[in-house]
Amino acid sequence: MTTLTVIFIVISVILVGSLSIYNRLIRLRNENTNAFAQIDVQLKRRYDLIPNLVEVAKKYLAHERETLEAVISARNQAYASQKIAKENASSGPAIAQLGIAEGILGGAMGRFMAIAEAYPDLKADGTMRSLTEELTSTENKISFARQGFNDVVLNYNNAVQQFPNNLIAGIFQFKAASMLESIEAPEERKAIKVSF
Amino acid sequence: MLFRERQDDAKKATRLLVLLFFITLITTAWSATALINLVWQHGMSAIAVPRHFEAYVFVFAITLMIIGCLFQMYTLRAGGSEVARMLGGDEIRASNPKGHQVLLNIVDEMALAATMYPPRVFVIETDVINACAAGWTERDSVICVTTGAINKLTRDELQGVVAHELSHIAHEDCALNMRMSYLVAGLQFIYNSGWTLIQFNWSPDNSRHPLRSDRKASGVLILTLIGSALVVSGFIGWIGGRLIQAAISRQREYLADASAVQFTRLSDGIGGALRKISHQLKTMDHGMLVNENTGNMVNHMMLTNLSFKSSSWMDAHPPITTRIERIFGRVVGDLDSNAYENKINQEQEQIQQSEEKKDTHGI
């Protein structure tokens with residue numbers, strides 16, 4: 001075989017290899033976008049569910065008006081923040097504000113659920129039970145969507161940073177993505193007080 | 001549990017085993033050829049050999065394998081939902097949950113964690129805690145869960161079971177196992193063809209009886225020789241193929257367990273479920289979830305072996321105690337499989353009693 005043939009073969013192998021690496025990086029990056037969009041879907045679900053829950057609970061929790069009102073107002077605040085953040089996805093303050101609003105909502109929901117546990121009549125109510133399951137499931141879905149996103153990002157980062165992929169990634173500007181960190185506002189850390 | 005490491009281990013082991021499988025395939029065909037060649041040269045050198053005889057035999061063996069494969073492909077062509085129906089599953093959907101909304105929610109949650117399309121869900125009526133997954137592609141997949149699992153497992157444990165099954169779908173374990181079974185069927189076909197050839201040759205009704213003088217002795221010998229070689233190499237290949245298929249299936253089970261921990265981020269989910277299954281296997285005396293129609297197609301996809309017989313090389317699942325040990329990193333005992341169900345039933349009764357009391361007071 002002439003030197004030319006050998007060079008030709010080597011170059012072909014490199015090209016084909018690079019192509020498959022590039023395509024894989026594109027696929028993984030698109031997975032990131034898809035996984036992130038899932039989180040948004042679940043957040044909206046939660047905002048829609050909460051008013052229903054409060055309506056049912058009102059019947060039984062006549063004495064817990066402050067808790068219920070706290071939940072509704074926190075929910076409205078978070079909903080508004082989310083709409084703003086969606087329109088200004090790159091705005092730092094908007095995202096930060098959403099984080100804080102989500103934290104306050106999380107705290108209010110936590111107190112609400114703890115109080116609901118103490119009222120056996122409310123617990124036994126059929127509608128309440130299915131709504132509680134829906135809310136639990138929605139909260140789970142939000143965290144699993146975030147977790148799924150982080151796992152997908154890990155996969156992508158591994159692909160982008162390991163050798164020899166990092167060479168292709170460098171040429172075509174694939175950068176490592178950042179994972180979602182937990183949004184912990186002081187409100188979520190507050191101890192839950194149940195008053196009878 | 002270091003689930004990513006365990007997942008990598010299982011994937012590496014699978015690759016090795018698949019390579020071994022293809023080596024088995026080639027070796028079987030080659031050994032049939034070699035056997036025939038050996039005996040030919042030593043016993044029947046007087047008989048004329050066509051040129052490239054070995055190549056013909058090799059191609060013949062491969063052709064038999066392909067025929068066996070195709071036949072098995074036809075037999076196992078059922079898609080995911082057909083398998084579920086064959087098991088007697090009842091489909092539940094968001095529009096008609098039939099009292100299993102929690103299960104639907106859990107499947108959706110795990111699909112999010114696994115970043116995959118949620119499969120269709122079927123419920124099978126039985127006290128036995130078990131689940132299975134089936135389907136060729138992600139979009140066509142189904143999972144079946146028994147009412148035993150729904151009633152006896154806590155929400156976290158049921159979540160672990162669903163995560164385990166979704167992992168099978170996500171890693172295309174069902175498709176891999178189907179392909180393995182095609183190849184095993186191909187090897188079995190070589191073995192069966194060998195016997196057919198021998199029996200056809202020597203059957204007493206055969207007008208071409210060897211004692212009849214007008215039949216060439218050489219023809220009979222040739223066919224018997226070929227048949228025997230196919231039987232011997234086919235048998236070894238077939239058994240070898242089955243052993244490797246079972247070994248691959250066991251590795252995929254370990255992979256699914258590790259992925260269940262990854263999706264739920266909780267060892268107690270799938271771990272708790274396995275502990276309860278272990279308890280149930282020891283306390284239940286009749287056979288579990290045996291359905292003769294689907295047998296082989298589904299057995300590999302069930303959560304565990306269908307009985308607590310001592311484990312063998314042919315098992316599609318690793319021993320439960322080993323699986324539990326890998327999840328928790330140490331030996332852990334069983335969990336009472338009926339405790340949770342009893343607790344829930346008691347709570348329901350109390351709620352009902354308090355409601356009845358309220359009614360009588362209201363009068």
# chains A, B, ... in the order shown; residues from 1 in each chain; ligands from 1

call {"tool": "interface_residues", "arguments": {"of": "chain A", "to": "chain B", "cutoff": "6 Å", "atoms": "only C-alpha atoms", "output": "PDB file with all heavy atoms, in the first residue's frame"}}
result
ATOM      1  N   LYS A 141     -42.868  14.843  41.188  1.00  0.00           N
ATOM      2  CA  LYS A 141     -42.526  14.991  39.772  1.00  0.00           C
ATOM      3  C   LYS A 141     -41.584  16.164  39.563  1.00  0.00           C
ATOM      4  O   LYS A 141     -40.672  16.083  38.742  1.00  0.00           O
ATOM      5  CB  LYS A 141     -43.799  15.176  38.931  1.00  0.00           C
ATOM      6  CG  LYS A 141     -44.558  13.893  38.719  1.00  0.00           C
ATOM      7  CD  LYS A 141     -45.843  14.133  37.945  1.00  0.00           C
ATOM      8  CE  LYS A 141     -46.640  12.842  37.911  1.00  0.00           C
ATOM      9  NZ  LYS A 141     -48.026  13.057  37.521  1.00  0.00           N
ATOM     10  N   PHE A 144     -38.241  14.911  40.697  1.00  0.00           N
ATOM     11  CA  PHE A 144     -37.672  13.919  39.774  1.00  0.00           C
ATOM     12  C   PHE A 144     -37.311  14.555  38.443  1.00  0.00           C
ATOM     13  O   PHE A 144     -36.331  14.158  37.805  1.00  0.00           O
ATOM     14  CB  PHE A 144     -38.633  12.747  39.562  1.00  0.00           C
ATOM     15  CG  PHE A 144     -38.667  11.796  40.720  1.00  0.00           C
ATOM     16  CD1 PHE A 144     -39.846  11.479  41.346  1.00  0.00           C
ATOM     17  CD2 PHE A 144     -37.493  11.229  41.198  1.00  0.00           C
ATOM     18  CE1 PHE A 144     -39.878  10.614  42.421  1.00  0.00           C
ATOM     19  CE2 PHE A 144     -37.510  10.362  42.269  1.00  0.00           C
ATOM     20  CZ  PHE A 144     -38.706  10.062  42.885  1.00  0.00           C
ATOM     21  N   ALA A 145     -38.100  15.543  38.019  1.00  0.00           N
ATOM     22  CA  ALA A 145     -37.753  16.225  36.775  1.00  0.00           C
ATOM     23  C   ALA A 145     -36.408  16.939  36.935  1.00  0.00           C
ATOM     24  O   ALA A 145     -35.551  16.894  36.041  1.00  0.00           O
ATOM     25  CB  ALA A 145     -38.846  17.216  36.386  1.00  0.00           C
ATOM     26  N   GLY A 148     -33.781  14.226  37.056  1.00  0.00           N
ATOM     27  CA  GLY A 148     -33.563  13.706  35.707  1.00  0.00           C
ATOM     28  C   GLY A 148     -32.704  14.651  34.904  1.00  0.00           C
ATOM     29  O   GLY A 148     -31.788  14.243  34.182  1.00  0.00           O
TER      30      GLY A 148
END

call {"tool": "residues_around", "arguments": {"residues": "Tyr156 in chain A", "least_positions_apart": "2", "cutoff": "10 Å", "atoms": "only C-alpha atoms", "output": "list in words"}}
result
Arg24, Leu25, Ile26, Arg27, Leu28, Arg29, Asn30, Glu31, Asn32, Asn150, Asp151, Val152, Val153, Leu154, Asn158, Ala159, Val160, Gln161, Phe174, Lys175, Ala176 and Ala177 of chain A

call {"tool": "select_by_dssp", "arguments": {"residues": "range 35-135 of chain B", "states": "alpha helix (DSSP H)", "output": "PyMOL selection string"}}
result
chain B and resi 35-43+53-75+80-86+101-113

call {"tool": "residues_around", "arguments": {"residues": "Gln7 in chain B", "least_positions_apart": "6", "cutoff": "12 Å", "atoms": "only C-alpha atoms", "output": "PyMOL selection string"}}
result
chain B and resi 1+13-14+167+171+251-262+326-327

call {"tool": "atom_distance", "arguments": {"atom1": "CA of Asn151 in chain B", "atom2": "CA of Lys98 in chain B"}}
result
14.4 Å

call {"tool": "atom_distance", "arguments": {"atom1": "CA of Ala101 in chain A", "atom2": "CA of Ala78 in chain A"}}
result
4.8 Å

call {"tool": "select_by_dssp", "arguments": {"residues": "range 8-186 of chain B", "states": "strand (DSSP E or B)", "output": "ChimeraX atom specification"}}
result
/B:90-93,96,120-124,131-134,142-146

call {"tool": "residues_around", "arguments": {"residues": "Asn342 in chain B", "least_positions_apart": "6", "cutoff": "12 Å", "atoms": "only C-alpha atoms", "output": "ChimeraX atom specification"}}
result
/B:151-154,336,348-349
